[in-house]
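Data block below; observations after.
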Amino acid sequence: MTTSPATLNTAEIAGELRRLLPKWLPTRRWFAGKGRAPAPVEPGPVSVLWPGERPGAPALLQVLVRTGPDELHQLLLGAATTVPPGQDVVGRAGSLTLYEATGDAALMARLAELIAEGGRCDGIAFHRVPGARIPAGLPARPISAEQSNTGVVYGDAMMLKVLRRPVPGASHELETLTALGRADGVASAAPLGWLSTTAGERELVLGILQEFVPSRGDGWALALADARTCVENVENADGPVAPLGAFTEEARALGLATAGVHRALAEQLPTAEISAAGVTALVDGLAERLTTAMAQVPELLPYARQLGALYQDVAEAARRGNPLLAQRVHGDLHLGQVLRAEHGWVLIDFEGEPGGRAGTRGVPQPPLRDVAAMLRSFDYAAHHALAEVLGVPPGERRPGDPRATRQARRASAWAVHNRRAFSEGYTAAGGCDPRCRPVLLRAFEADKAVYEALYEARNRPAWLPIPMAAVRRLAAARRAAA
């Protein structure tokens with residue numbers, strides 16, 4: 001595989017990106033720096049993955065942009081004298097226009113071919129999983145859903161996940177998908193290949209090509225639609241009440257699928273009992289996240305003492321002889337990370353939390369961390385549906401409106417009902433009954449709500465009341481128990 005980087009002035013392109021990106025990057029859904037003071041944007045060397053069929057024709061470029069001391073963002077850019085219609089333009093660099101390449105079907109098809117061929121190109125390595133089938137010539141289209149990465153689908157056979165915030169070291173997602181592929185009876189998206197570069201002496205995975213999972217939709221869309229119907233049709237003279245349990249069987253089946261994934265990962269990857277020092281480190285990590293979040297979300301400050309007490313309860317329970325077992329988990333499980341395929345639920349996106357510390361990805365954790373995260377997601381769906389039905393921002397109510405009050409109660413009941421069904425399914429499949437570890441579950445729920453509050457403050461301030469309601473509830477429950 002050879003290219004002709006000399007036909008493109010990559011130094012000039014890097015210089016223009018230094019000028020263009022401070023305005024363009026904050027408009028990206030996947031940009032991590034929203035809500036922070038602007039940091040210097042430093043593009044690294046521009047790699048030419050494909051120089052184009054002729055001078056001026058669309059070329060495929062890759063560049064890593066440093067946006068913080070330990071933070072990189074990855075760009076895939078097209079560069080052409082004439083931009084294909086409908087592309088997202090970044091700006092000009094000399095005679096070329098730079099644009100977001102994931103929307104260019106021809107460039108994305110070429111990228112899949114590079115992975116299938118293997119080898120190296122201008123500092124980027126392309127890897128094909130031995131025996132993987134990577135068909136050529138499939139139409140490529142970007143996934144339009146809001147995500148912290150960018151997905152490109154090839155026909156109905158493959159999906160390329162472009163990692164927008166790559167981190168040095170082994171890929172949690174690649175390891176997890178490979179492990180699930182070795183397990184029996186667990187549906188997952190098998191990895192087909194990946195592209196990477198090096199950061200110092202460590203590999204930096206830039207994208208993963210995997211099987212595409214056809215589905216009826218993701219869990220968030222399906223649950224939100226059911227919650228909306230449930231909230232809309234409260235008891236009134238206009239019609240019957242929507243059944244509270246319409247999504248119950250799906251929630252229970254999702255619990256079964258989650259336990260199945262946990263069981264498979266425990267069989268394929270190392271597990272361990274968390275030592276006393278490990279418990280201390282876990283609790284310290286929870287407290288550290290709270291401290292970091294409070295610096296940017298002052299709304300959390302009134303609940304600091306109760307949340308801290310929730311975390312210390314975990315250490316106290318461990319001292320009383322309740323050992324914690326750790327294993328590989330999903331790391332960012334929520335309703336948007338599961339697909340309802342024809343044969344059942346499939347868990348996807350094993351990368352870990354977008355805002356999580358890089359060093360914690362792939363580190364064995366108690367499985368209840370995933371359970372708590374999914375329980376939070378049911379709560380999210382219920383309150384988001386309520387806001388949509390009422391036509392008000394999340395957290396707002398209509399004072400003096402009896403029907404709105406009933407709808408709010410209905411939303412809460414929907415969340416409780418489906419949280420219970422998920423837990424029952426998880427337990428029935430052999431997972432640890434969440435009700436048997438209430439202290440740990442509450443601590444992980446609180447930690448997830450704190451993470452959500454920080455995320456929403458940075459990205460969607462209007463949604464902040466949803467996690468803050470959970471913070472208040474959990475803090476009040478701890479205060480009452482004290």
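FYI, nothing fancy with the structure tokens labels: chains A, B, ... in order, residues from 1 per chain, ligands from 1 as they appear.
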List the neighbours of Gly219 in chain A out to 6 Å using only C-alpha atoms; skip same-chain residues closer than 4 positions along the sequence, and give me the result as an MDAnalysis selection string. chainID A and resid 223 335:336 338:339
I'd like to know which residues of range 385-466 of chain A are alpha helix (DSSP H) (by DSSP, run on the backbone); could you write them as a PyMOL selection string? chain A and resi 385-390+402-428+438-459+465-466
List the neighbours of range 110-121 of chain A out to 7 Å using only C-alpha atoms; skip same-chain residues closer than 5 positions along the sequence, and give me the result as a PyMOL selection string. chain A and resi 1-2+49+126-128+134+136+193-195
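We find CA of Pro323 in chain A and CA of Gly255 in chain A to be spaced 23.2 Å apart.
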Would you pick out the contacts of range 379-395 of chain A at 10 Å or less, using only C-alpha atoms, so that residues sharing its chain but fewer than 4 positions from it are not included, and give the list as a ChimeraX atom specification? /A:219-232,334-335,374-375,403-404,407-416,418-419,462-470
